[in-house]
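J.: Next comes the structure file entry24.cif, holding mmCIF, C-alpha atoms.
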```cif
data_work
loop_
_atom_site.group_PDB
_atom_site.id
_atom_site.type_symbol
_atom_site.label_atom_id
_atom_site.label_comp_id
_atom_site.auth_asym_id
_atom_site.auth_seq_id
_atom_site.Cartn_x
_atom_site.Cartn_y
_atom_site.Cartn_z
ATOM 1 C CA MET A 1 88.046 144.648 98.213
ATOM 2 C CA ASP A 2 86.481 148.034 98.395
ATOM 3 C CA GLY A 3 87.533 148.297 94.847
ATOM 4 C CA ALA A 4 85.947 144.947 94.309
ATOM 5 C CA GLU A 5 82.779 144.942 96.274
ATOM 6 C CA GLY A 6 81.737 143.298 93.079
ATOM 7 C CA GLY A 7 80.971 146.764 92.119
ATOM 8 C CA ALA A 8 79.661 148.461 95.128
ATOM 9 C CA GLY A 9 76.704 148.215 97.357
ATOM 10 C CA GLY A 10 73.114 147.841 96.382
ATOM 11 C CA GLU A 11 70.238 148.094 98.782
ATOM 12 C CA GLY A 12 68.748 144.865 100.055
ATOM 13 C CA ARG A 13 65.373 145.692 101.581
ATOM 14 C CA ALA A 14 63.924 144.001 104.631
ATOM 15 C CA VAL A 15 60.555 142.302 104.298
ATOM 16 C CA ALA A 16 57.843 144.869 104.793
ATOM 17 C CA VAL A 17 54.601 143.076 103.948
ATOM 18 C CA ALA A 18 53.279 140.958 106.779
ATOM 19 C CA GLY A 19 52.862 137.324 105.862
ATOM 20 C CA GLU A 20 54.530 137.557 102.489
ATOM 21 C CA CYS A 21 58.109 137.844 101.183
ATOM 22 C CA GLU A 22 59.504 140.204 98.590
ATOM 23 C CA ARG A 23 60.502 138.948 95.189
ATOM 24 C CA GLU A 24 64.256 138.970 94.598
ATOM 25 C CA PRO A 25 65.200 140.528 91.236
ATOM 26 C CA HIS A 26 68.542 138.692 91.239
ATOM 27 C CA PRO A 27 68.392 135.383 93.191
ATOM 28 C CA SER A 28 71.630 134.501 94.957
ATOM 29 C CA ASP A 29 73.190 131.044 95.244
ATOM 30 C CA SER A 30 72.432 130.988 98.972
ATOM 31 C CA LEU A 31 68.727 131.631 98.328
ATOM 32 C CA ARG A 32 68.592 128.814 95.791
ATOM 33 C CA THR A 33 70.363 126.456 98.190
ATOM 34 C CA PHE A 34 68.067 127.373 101.077
ATOM 35 C CA GLY A 35 65.054 126.823 98.836
ATOM 36 C CA ALA A 36 66.303 123.396 97.828
ATOM 37 C CA VAL A 37 66.624 122.445 101.506
ATOM 38 C CA VAL A 38 63.063 123.615 102.203
ATOM 39 C CA GLN A 39 61.790 121.599 99.253
ATOM 40 C CA ALA A 40 63.682 118.454 100.303
ATOM 41 C CA LEU A 41 62.371 118.666 103.880
ATOM 42 C CA ARG A 42 58.837 119.330 102.649
ATOM 43 C CA GLU A 43 58.873 116.336 100.323
ATOM 44 C CA HIS A 44 60.394 114.157 103.058
ATOM 45 C CA ALA A 45 57.488 115.184 105.300
ATOM 46 C CA GLY A 46 55.059 114.202 102.569
ATOM 47 C CA LEU A 47 53.561 117.678 102.230
ATOM 48 C CA SER A 48 52.507 119.535 99.107
ATOM 49 C CA ARG A 49 53.276 123.222 98.709
ATOM 50 C CA VAL A 50 49.660 124.018 99.445
ATOM 51 C CA GLU A 51 49.758 121.966 102.664
ATOM 52 C CA LEU A 52 53.020 123.529 103.839
ATOM 53 C CA GLY A 53 51.654 126.971 103.031
ATOM 54 C CA GLU A 54 48.567 126.328 105.158
ATOM 55 C CA ARG A 55 50.680 125.201 108.121
ATOM 56 C CA VAL A 56 53.121 128.132 107.994
ATOM 57 C CA ARG A 57 50.361 130.631 107.084
ATOM 58 C CA PHE A 58 51.919 131.672 103.792
ATOM 59 C CA SER A 59 50.491 131.234 100.299
ATOM 60 C CA LYS A 60 51.383 128.370 98.010
ATOM 61 C CA HIS A 61 53.026 130.926 95.699
ATOM 62 C CA THR A 62 55.298 132.166 98.488
ATOM 63 C CA VAL A 63 56.342 128.609 99.349
ATOM 64 C CA GLU A 64 57.086 127.974 95.671
ATOM 65 C CA SER A 65 59.072 131.215 95.333
ATOM 66 C CA VAL A 66 61.140 130.447 98.428
ATOM 67 C CA GLU A 67 61.878 126.933 97.185
ATOM 68 C CA LEU A 68 62.984 128.301 93.820
ATOM 69 C CA GLY A 69 65.203 130.927 95.437
ATOM 70 C CA ARG A 70 63.095 133.773 94.121
ATOM 71 C CA ARG A 71 62.152 135.237 97.499
ATOM 72 C CA MET A 72 63.992 136.064 100.701
ATOM 73 C CA PRO A 73 62.105 134.273 103.513
ATOM 74 C CA ASP A 74 61.325 136.413 106.525
ATOM 75 C CA GLU A 75 61.841 135.236 110.114
ATOM 76 C CA ALA A 76 58.233 134.107 110.498
ATOM 77 C CA PHE A 77 58.499 131.802 107.495
ATOM 78 C CA VAL A 78 61.761 130.289 108.739
ATOM 79 C CA GLU A 79 60.491 129.725 112.294
ATOM 80 C CA ARG A 80 57.156 128.206 111.240
ATOM 81 C CA ALA A 81 58.698 126.027 108.539
ATOM 82 C CA GLU A 82 61.359 124.873 110.998
ATOM 83 C CA LYS A 83 58.721 123.595 113.413
ATOM 84 C CA VAL A 84 56.588 121.997 110.708
ATOM 85 C CA LEU A 85 59.499 120.286 108.950
ATOM 86 C CA GLY A 86 61.104 118.462 111.854
ATOM 87 C CA ASN A 87 62.529 121.194 114.089
ATOM 88 C CA THR A 88 66.096 120.025 113.351
ATOM 89 C CA GLY A 89 67.562 123.522 113.370
ATOM 90 C CA ALA A 90 68.671 123.178 109.747
ATOM 91 C CA LEU A 91 66.519 126.019 108.427
ATOM 92 C CA ARG A 92 67.432 128.393 111.236
ATOM 93 C CA LYS A 93 71.138 127.798 110.702
ATOM 94 C CA ALA A 94 70.873 127.991 106.918
ATOM 95 C CA SER A 95 68.882 131.243 107.060
ATOM 96 C CA ALA A 96 71.759 132.952 108.881
ATOM 97 C CA HIS A 97 73.845 132.630 105.718
ATOM 98 C CA LEU A 98 71.287 133.976 103.252
ATOM 99 C CA THR A 99 72.396 136.832 101.027
ATOM 100 C CA ARG A 100 70.534 138.831 98.437
ATOM 101 C CA GLY A 101 71.731 138.936 94.857
ATOM 102 C CA GLU A 102 72.082 142.692 94.589
ATOM 103 C CA VAL A 103 73.320 144.022 91.271
ATOM 104 C CA GLY A 104 76.784 145.500 91.644
ATOM 105 C CA LEU A 105 77.726 143.526 94.757
ATOM 106 C CA ALA A 106 80.123 140.608 94.817
ATOM 107 C CA ALA A 107 78.557 137.528 96.408
ATOM 108 C CA TRP A 108 81.117 137.533 99.207
ATOM 109 C CA PHE A 109 80.350 141.172 100.108
ATOM 110 C CA ARG A 110 76.568 141.056 100.368
ATOM 111 C CA ARG A 111 76.208 139.929 103.986
ATOM 112 C CA TRP A 112 78.577 142.662 105.127
ATOM 113 C CA ALA A 113 76.718 145.263 103.061
ATOM 114 C CA ARG A 114 73.446 144.304 104.752
ATOM 115 C CA LEU A 115 75.008 144.665 108.217
ATOM 116 C CA GLU A 116 76.731 147.888 107.229
ATOM 117 C CA ARG A 117 73.452 149.601 106.391
ATOM 118 C CA GLU A 118 72.111 148.955 109.901
ATOM 119 C CA ALA A 119 75.327 149.426 111.903
ATOM 120 C CA VAL A 120 75.523 151.954 114.742
ATOM 121 C CA SER A 121 79.252 152.493 114.096
ATOM 122 C CA LEU A 122 81.640 151.624 111.277
ATOM 123 C CA CYS A 123 85.454 151.526 111.152
ATOM 124 C CA THR A 124 87.520 150.979 108.011
ATOM 125 C CA TYR A 125 91.264 150.505 107.511
ATOM 126 C CA GLU A 126 92.488 150.478 103.907
ATOM 127 C CA CYS A 127 95.967 150.055 102.484
ATOM 128 C CA ARG A 128 95.223 149.348 98.808
ATOM 129 C CA LEU A 129 92.541 151.704 97.535
ATOM 130 C CA VAL A 130 90.537 154.688 98.646
ATOM 131 C CA PRO A 131 87.636 153.147 100.618
ATOM 132 C CA GLY A 132 84.516 152.672 98.513
ATOM 133 C CA LEU A 133 82.488 155.023 100.723
ATOM 134 C CA LEU A 134 84.956 157.829 99.937
ATOM 135 C CA GLN A 135 85.627 157.242 96.239
ATOM 136 C CA SER A 136 84.811 159.865 93.652
ATOM 137 C CA GLU A 137 82.798 158.666 90.675
ATOM 138 C CA ALA A 138 85.800 158.962 88.339
ATOM 139 C CA TYR A 139 88.000 156.996 90.756
ATOM 140 C CA ALA A 140 85.403 154.240 91.138
ATOM 141 C CA ARG A 141 84.990 154.031 87.358
ATOM 142 C CA ALA A 142 88.759 153.715 86.917
ATOM 143 C CA VAL A 143 88.847 150.908 89.485
ATOM 144 C CA PHE A 144 86.070 148.985 87.751
ATOM 145 C CA GLU A 145 87.556 149.527 84.299
ATOM 146 C CA GLY A 146 90.851 148.057 85.482
ATOM 147 C CA THR A 147 89.479 144.843 86.948
ATOM 148 C CA ILE A 148 89.852 141.406 85.386
ATOM 149 C CA PRO A 149 87.775 139.834 83.932
ATOM 150 C CA LEU A 150 86.602 142.873 82.007
ATOM 151 C CA ARG A 151 83.045 144.062 82.606
ATOM 152 C CA THR A 152 80.526 144.870 79.934
ATOM 153 C CA ASP A 153 79.395 148.499 79.758
ATOM 154 C CA GLU A 154 76.105 147.485 81.407
ATOM 155 C CA GLU A 155 77.864 145.695 84.278
ATOM 156 C CA LEU A 156 80.240 148.595 84.814
ATOM 157 C CA GLU A 157 77.399 151.110 84.991
ATOM 158 C CA ALA A 158 75.481 148.894 87.418
ATOM 159 C CA GLN A 159 78.516 148.631 89.679
ATOM 160 C CA LEU A 160 79.177 152.341 89.526
ATOM 161 C CA ALA A 161 75.556 153.186 90.330
ATOM 162 C CA ALA A 162 75.596 150.742 93.248
ATOM 163 C CA ARG A 163 78.744 152.275 94.705
ATOM 164 C CA MET A 164 77.386 155.790 94.517
ATOM 165 C CA GLU A 165 74.126 154.583 96.068
ATOM 166 C CA ARG A 166 76.031 152.918 98.889
ATOM 167 C CA GLN A 167 77.720 156.221 99.726
ATOM 168 C CA ALA A 168 74.320 157.773 100.402
ATOM 169 C CA MET A 169 74.141 156.091 103.800
ATOM 170 C CA MET A 170 76.850 158.454 105.062
ATOM 171 C CA ARG A 171 74.625 161.423 104.250
ATOM 172 C CA ASP A 172 71.453 159.735 105.476
ATOM 173 C CA ARG A 173 72.854 158.614 108.855
ATOM 174 C CA PRO A 174 74.422 161.722 110.461
ATOM 175 C CA ARG A 175 74.380 160.206 113.966
ATOM 176 C CA VAL A 176 76.345 157.098 113.049
ATOM 177 C CA PRO A 177 80.115 157.471 113.574
ATOM 178 C CA PHE A 178 82.202 156.531 110.539
ATOM 179 C CA SER A 179 85.946 156.125 111.073
ATOM 180 C CA PHE A 180 88.490 155.705 108.272
ATOM 181 C CA ILE A 181 92.222 155.034 108.518
ATOM 182 C CA VAL A 182 93.979 155.065 105.145
ATOM 183 C CA GLU A 183 97.645 154.709 104.209
ATOM 184 C CA GLU A 184 99.206 157.822 102.674
ATOM 185 C CA HIS A 185 100.507 155.901 99.658
ATOM 186 C CA VAL A 186 96.875 155.149 98.699
ATOM 187 C CA PHE A 187 96.297 158.860 98.072
ATOM 188 C CA ARG A 188 99.600 159.213 96.236
ATOM 189 C CA ARG A 189 98.719 156.524 93.687
ATOM 190 C CA ARG A 190 97.827 158.386 90.489
ATOM 191 C CA PHE A 191 94.896 157.720 88.219
ATOM 192 C CA GLY A 192 93.615 159.765 85.317
ATOM 193 C CA ASP A 193 94.885 163.310 84.913
ATOM 194 C CA ALA A 194 95.622 166.016 87.473
ATOM 195 C CA GLN A 195 92.039 167.255 87.405
ATOM 196 C CA ALA A 196 90.692 163.787 88.223
ATOM 197 C CA MET A 197 93.102 163.583 91.157
ATOM 198 C CA ARG A 198 92.024 167.008 92.421
ATOM 199 C CA GLU A 199 88.386 165.948 92.197
ATOM 200 C CA LEU A 200 89.212 162.848 94.237
ATOM 201 C CA PHE A 201 90.844 164.900 96.989
ATOM 202 C CA ASP A 202 87.932 167.348 96.989
ATOM 203 C CA HIS A 203 85.466 164.465 97.219
ATOM 204 C CA VAL A 204 87.293 162.826 100.131
ATOM 205 C CA VAL A 205 87.543 166.118 102.009
ATOM 206 C CA GLU A 206 83.838 166.779 101.471
ATOM 207 C CA ARG A 207 82.797 163.276 102.544
ATOM 208 C CA THR A 208 84.864 163.448 105.717
ATOM 209 C CA ALA A 209 83.818 166.980 106.727
ATOM 210 C CA PRO A 210 80.713 166.060 108.812
ATOM 211 C CA ARG A 211 81.258 165.746 112.561
ATOM 212 C CA ASN A 212 80.318 162.054 112.593
ATOM 213 C CA VAL A 213 83.035 161.157 110.047
ATOM 214 C CA THR A 214 86.754 160.993 110.840
ATOM 215 C CA LEU A 215 89.615 160.320 108.464
ATOM 216 C CA GLN A 216 93.125 159.595 109.662
ATOM 217 C CA VAL A 217 96.019 159.082 107.283
ATOM 218 C CA VAL A 218 98.928 156.807 108.152
ATOM 219 C CA PRO A 219 102.002 158.770 106.959
ATOM 220 C CA LEU A 220 104.724 157.120 104.931
ATOM 221 C CA ASP A 221 107.212 157.558 107.764
ATOM 222 C CA ALA A 222 104.984 155.860 110.355
ATOM 223 C CA GLY A 223 106.928 152.633 109.982
ATOM 224 C CA LEU A 224 105.555 149.124 110.436
ATOM 225 C CA HIS A 225 102.359 148.680 112.414
ATOM 226 C CA ALA A 226 99.847 146.102 113.669
ATOM 227 C CA CYS A 227 97.436 146.252 110.702
ATOM 228 C CA LEU A 228 99.874 145.189 107.994
ATOM 229 C CA ASP A 229 98.079 141.859 107.526
ATOM 230 C CA GLY A 230 95.664 143.722 105.263
ATOM 231 C CA PRO A 231 92.507 145.846 105.100
ATOM 232 C CA LEU A 232 89.904 145.387 107.790
ATOM 233 C CA ARG A 233 86.484 146.656 108.702
ATOM 234 C CA LEU A 234 84.643 146.638 111.985
ATOM 235 C CA LEU A 235 81.084 147.503 112.881
ATOM 236 C CA GLU A 236 78.734 147.366 115.824
ATOM 237 C CA THR A 237 75.108 146.349 115.441
ATOM 238 C CA ALA A 238 72.146 147.908 117.231
ATOM 239 C CA ASP A 239 72.095 145.014 119.721
ATOM 240 C CA GLY A 240 75.754 145.542 120.640
ATOM 241 C CA GLN A 241 77.324 142.773 118.553
ATOM 242 C CA LYS A 242 80.701 143.573 117.035
ATOM 243 C CA VAL A 243 81.509 142.112 113.633
ATOM 244 C CA GLY A 244 84.607 142.229 111.451
ATOM 245 C CA TYR A 245 85.250 141.756 107.765
ATOM 246 C CA SER A 246 88.383 141.058 105.732
ATOM 247 C CA GLU A 247 88.748 140.718 101.989
ATOM 248 C CA GLY A 248 91.262 139.486 99.455
ATOM 249 C CA GLN A 249 91.433 138.227 95.895
ATOM 250 C CA GLN A 250 87.951 137.080 94.861
ATOM 251 C CA ASN A 251 86.825 136.373 98.413
ATOM 252 C CA GLY A 252 85.729 137.966 101.651
ATOM 253 C CA ARG A 253 85.217 136.730 105.191
ATOM 254 C CA LEU A 254 82.697 137.865 107.771
ATOM 255 C CA ILE A 255 84.163 137.548 111.266
ATOM 256 C CA SER A 256 81.894 137.103 114.296
ATOM 257 C CA ASP A 257 84.166 135.211 116.686
ATOM 258 C CA ARG A 258 84.531 137.457 119.735
ATOM 259 C CA LYS A 259 88.212 136.782 120.292
ATOM 260 C CA GLU A 260 89.123 137.443 116.682
ATOM 261 C CA VAL A 261 86.987 140.581 116.472
ATOM 262 C CA GLY A 262 88.507 141.758 119.746
ATOM 263 C CA LEU A 263 91.996 141.279 118.333
ATOM 264 C CA LEU A 264 91.132 143.253 115.204
ATOM 265 C CA SER A 265 89.654 146.014 117.345
ATOM 266 C CA GLN A 266 92.876 146.239 119.352
ATOM 267 C CA ARG A 267 94.891 146.521 116.158
ATOM 268 C CA TYR A 268 92.612 149.235 114.802
ATOM 269 C CA ASP A 269 92.699 151.232 118.038
ATOM 270 C CA THR A 270 96.491 150.983 118.162
ATOM 271 C CA LEU A 271 96.793 152.239 114.592
ATOM 272 C CA ARG A 272 94.528 155.163 115.457
ATOM 273 C CA SER A 273 97.153 156.374 117.890
ATOM 274 C CA GLN A 274 99.908 156.031 115.262
ATOM 275 C CA ALA A 275 98.083 157.764 112.398
ATOM 276 C CA LEU A 276 97.828 161.514 111.880
ATOM 277 C CA ASN A 277 94.919 163.149 113.633
ATOM 278 C CA PRO A 278 91.967 164.341 111.499
ATOM 279 C CA ARG A 279 93.255 167.919 111.147
ATOM 280 C CA GLU A 280 96.750 166.785 110.185
ATOM 281 C CA SER A 281 95.231 164.290 107.765
ATOM 282 C CA ARG A 282 93.131 166.964 106.092
ATOM 283 C CA ASP A 283 96.179 169.224 105.831
ATOM 284 C CA LEU A 284 98.101 166.391 104.170
ATOM 285 C CA LEU A 285 95.369 165.835 101.581
ATOM 286 C CA GLU A 286 95.257 169.544 100.798
ATOM 287 C CA ARG A 287 99.027 169.576 100.429
ATOM 288 C CA LEU A 288 98.953 166.602 98.070
ATOM 289 C CA ARG A 289 96.246 168.324 96.067
ATOM 290 C CA GLY A 290 98.353 171.459 95.808
ATOM 291 C CA GLU A 291 101.289 169.483 94.435
ATOM 292 C CA LEU A 292 99.322 168.376 91.361
#
```
Translate this file's structure into structure tokens.

T.:
Amino acid sequence: MDGAEGGAGGEGRAVAVAGECEREPHPSDSLRTFGAVVQALREHAGLSRVELGERVRFSKHTVESVELGRRMPDEAFVERAEKVLGNTGALRKASAHLTRGEVGLAAWFRRWARLEREAVSLCTYECRLVPGLLQSEAYARAVFEGTIPLRTDEELEAQLAARMERQAMMRDRPRVPFSFIVEEHVFRRRFGDAQAMRELFDHVVERTAPRNVTLQVVPLDAGLHACLDGPLRLLETADGQKVGYSEGQQNGRLISDRKEVGLLSQRYDTLRSQALNPRESRDLLERLRGEL
């Protein structure tokens, strides 16, 4: 959930150094699994790490780091290793599921976070919490403090820092359209004192003020609608692919099937027409703030 992105969104950087891979500060399970597959295929082929490195034009140390899950392999490594180690397609398919072990991100959220940072458009519907990209620091802290199992102070601070860092992409990408649809009852749910609530409303209004950001609130009297199955997110990649994401208790699901994504898009577009328009939504938030 956006309250449980495992804590937020850290930055996973793309490989920048030609021929080598970056060291991962927090190896993920998928990296370790991928590395084990590379090692098994290498040993089956009767190659040492030095020999594989020579054939894929990477150093022995890079091969070792990939096999141990310490480095994210770039596309060149995957393609060359695939050809050298049997060309079965196993490495290509496995590489599509690799995620970085960013601090502050739940394992199930990492792939979406990576796509989100490169998306050319992003749509979010939320019915439980204020979306993570719009949360004030005090609100995010309250969310993390209320989760079970309890976090240590260090974990909580890492999650909070990651969430605030994730919000920076809205400031840094002024040409990317961000659309939010949020249920009114989400903003009526109290946390902290009146001042904390006012700060939340001020933060949301500020975050949604730029021309590329729209916020629509679904009023309490809107009745039942097509998105009641739960929160959803949609994005479009630079190459025109549309991807969806849904999340529940301790899990999340990336959705790439065209029919399913198309269905979610229809639901989102329908809800857009049922929600308050951006001006009415802003007026509602200001009214709620004035009632505190």

J.: Excluding Gly262 of chain A and any residue of its chain fewer than 5 positions from it, enumerate the residues within 10 Å of it, using all atoms listed in the file, and give them as a CSV table (one decimal) with C-alpha atoms, keeping the file's coordinate frame.

T.:
```csv
chain,number,residue,atom,x,y,z
A,234,LEU,CA,84.6,146.6,112.0
A,242,LYS,CA,80.7,143.6,117.0
A,243,VAL,CA,81.5,142.1,113.6
A,244,GLY,CA,84.6,142.2,111.5
A,256,SER,CA,81.9,137.1,114.3
A,257,ASP,CA,84.2,135.2,116.7
A,267,ARG,CA,94.9,146.5,116.2
A,268,TYR,CA,92.6,149.2,114.8
```

J.: Take atom CA of Arg188 of chain A and atom CA of Pro131 of chain A and report the distance between them in Å, one decimal.

T.: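 Those two atoms sit 14.1 Å apart.
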
J.: Choose the residue, out of A:Arg49, A:His225, A:Lys83, A:Arg190, that has the smallest atom-to-atom separation from Ala275 of chain A; count only C-alpha atoms.

T.: A:His225

J.: Taking all atoms listed in the file into account, name the residue in A:Ala45, A:Asn212, A:Ala158, A:Leu115 that is nearest to Arg175 of chain A.

T.: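 Between A:Ala45, A:Asn212, A:Ala158, A:Leu115, the residue approaching Arg175 of chain A most closely is A:Asn212.
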
J.: On this file, the PyMOL selection byres ((chain A and resi 117) around 10) gives some set of residues; write that set as number ranges by chain.

T.: A: 9, 11-12, 112-116, 118-120, 122, 166, 169-170, 173, 237

J.: I'd like the contact shell of segment 193-196 of chain A - 12 Å cut-off, all atoms listed in the file, skipping same-chain residues fewer than 5 positions apart - returned as an NGL selection string.

T.: :A and (135-142 or 188 or 201-203 or 288-292)

J.: What is the distance between atom CA of Phe58 of chain A and atom CA of Glu82 of chain A, in Å to one decimal?

T.: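 Atom-to-atom, atom CA of Phe58 of chain A and atom CA of Glu82 of chain A are spaced 13.7 Å apart.
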
J.: Measuring between all atoms listed in the file, which one of A:Ser48, A:Lys259, A:Glu145, A:Leu220 shows the shortest distance to Phe191 of chain A?

T.: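 Counting all atoms listed in the file, the residue closest to Phe191 of chain A is A:Glu145.
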
J.: Give as a VMD selection string the residues that the PyMOL selection byres ((chain A and resi 50) around 9) matches when applied to the coordinates above.

T.: chain A and resid 47 to 49 51 to 55 59 to 61 63

J.: One decimal, Å: what's the distance from atom CA of Gly248 of chain A over to atom CA of Thr124 of chain A, could you say?

T.: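 Computed distance, atom CA of Gly248 of chain A to atom CA of Thr124 of chain A, equals 14.8 Å.
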
J.: Would you mind telling me which residue in A:Gly223, A:Gly146, A:Gly46, A:Pro73 lies nearest to Gly86 of chain A when using only C-alpha atoms?

T.: A:Gly46

J.: My list of candidates is A:Arg282, A:Arg272, A:Arg258, A:His97. Which is closest to Phe187 of chain A when distances are computed with all atoms listed in the file?

T.: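 With all atoms listed in the file as the atom set, the closest residue is A:Arg282.
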
J.: Please work out which residues fall within 8 Å of (80.1, 152.3, 91.1), coordinates as given in the file, with all atoms listed in the file counting, and return them as a CSV table (one decimal) with C-alpha atoms, keeping the file's coordinate frame.

T.:
```
chain,number,residue,atom,x,y,z
A,7,GLY,CA,81.0,146.8,92.1
A,8,ALA,CA,79.7,148.5,95.1
A,104,GLY,CA,76.8,145.5,91.6
A,137,GLU,CA,82.8,158.7,90.7
A,140,ALA,CA,85.4,154.2,91.1
A,141,ARG,CA,85.0,154.0,87.4
A,144,PHE,CA,86.1,149.0,87.8
A,156,LEU,CA,80.2,148.6,84.8
A,157,GLU,CA,77.4,151.1,85.0
A,158,ALA,CA,75.5,148.9,87.4
A,159,GLN,CA,78.5,148.6,89.7
A,160,LEU,CA,79.2,152.3,89.5
A,161,ALA,CA,75.6,153.2,90.3
A,162,ALA,CA,75.6,150.7,93.2
A,163,ARG,CA,78.7,152.3,94.7
A,164,MET,CA,77.4,155.8,94.5
```

J.: Apply the PyMOL selection byres ((chain A and resi 222) around 12) to the file shown and report the selected residues as a PDB file with C-alpha atoms, keeping the file's coordinate frame.

T.:
```pdb
ATOM      1  CA  GLU A 183      97.645 154.709 104.209  1.00  0.00           C
ATOM      2  CA  GLU A 184      99.206 157.822 102.674  1.00  0.00           C
ATOM      3  CA  HIS A 185     100.507 155.901  99.658  1.00  0.00           C
ATOM      4  CA  VAL A 217      96.019 159.082 107.283  1.00  0.00           C
ATOM      5  CA  VAL A 218      98.928 156.807 108.152  1.00  0.00           C
ATOM      6  CA  PRO A 219     102.002 158.770 106.959  1.00  0.00           C
ATOM      7  CA  LEU A 220     104.724 157.120 104.931  1.00  0.00           C
ATOM      8  CA  ASP A 221     107.212 157.558 107.764  1.00  0.00           C
ATOM      9  CA  GLY A 223     106.928 152.633 109.982  1.00  0.00           C
ATOM     10  CA  LEU A 224     105.555 149.124 110.436  1.00  0.00           C
ATOM     11  CA  HIS A 225     102.359 148.680 112.414  1.00  0.00           C
ATOM     12  CA  ALA A 226      99.847 146.102 113.669  1.00  0.00           C
ATOM     13  CA  LEU A 271      96.793 152.239 114.592  1.00  0.00           C
ATOM     14  CA  ARG A 272      94.528 155.163 115.457  1.00  0.00           C
ATOM     15  CA  SER A 273      97.153 156.374 117.890  1.00  0.00           C
ATOM     16  CA  GLN A 274      99.908 156.031 115.262  1.00  0.00           C
ATOM     17  CA  ALA A 275      98.083 157.764 112.398  1.00  0.00           C
ATOM     18  CA  LEU A 276      97.828 161.514 111.880  1.00  0.00           C
TER      19      LEU A 276
END
```

J.: Compile the contact shell of Phe34 of chain A as a list in words: residues with an atom at most 10 Å away, counting only C-alpha atoms, same-chain residues fewer than 6 positions apart removed.

T.: Ala40, Val66, Glu67, Leu68, Gly69, Met72, Pro73, Ala90, Leu91, Ala94, Ser95, His97 and Leu98 of chain A

J.: Restricting it to C-alpha atoms, dump the selection as a CSV table (one decimal), keeping the file's coordinate frame.

T.:
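File produced: selection_11.csv:
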```csv
chain,number,residue,atom,x,y,z
A,40,ALA,CA,63.7,118.5,100.3
A,66,VAL,CA,61.1,130.4,98.4
A,67,GLU,CA,61.9,126.9,97.2
A,68,LEU,CA,63.0,128.3,93.8
A,69,GLY,CA,65.2,130.9,95.4
A,72,MET,CA,64.0,136.1,100.7
A,73,PRO,CA,62.1,134.3,103.5
A,90,ALA,CA,68.7,123.2,109.7
A,91,LEU,CA,66.5,126.0,108.4
A,94,ALA,CA,70.9,128.0,106.9
A,95,SER,CA,68.9,131.2,107.1
A,97,HIS,CA,73.8,132.6,105.7
A,98,LEU,CA,71.3,134.0,103.3
```

J.: Rank A:Val261, A:Leu285, A:Ile255, A:Leu215 by their smallest atom-to-atom distance to Phe180 of chain A, using all atoms listed in the file, and report the top residue only.

T.: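 Of A:Val261, A:Leu285, A:Ile255, A:Leu215, the one nearest Phe180 of chain A, counting all atoms listed in the file, is A:Leu215.
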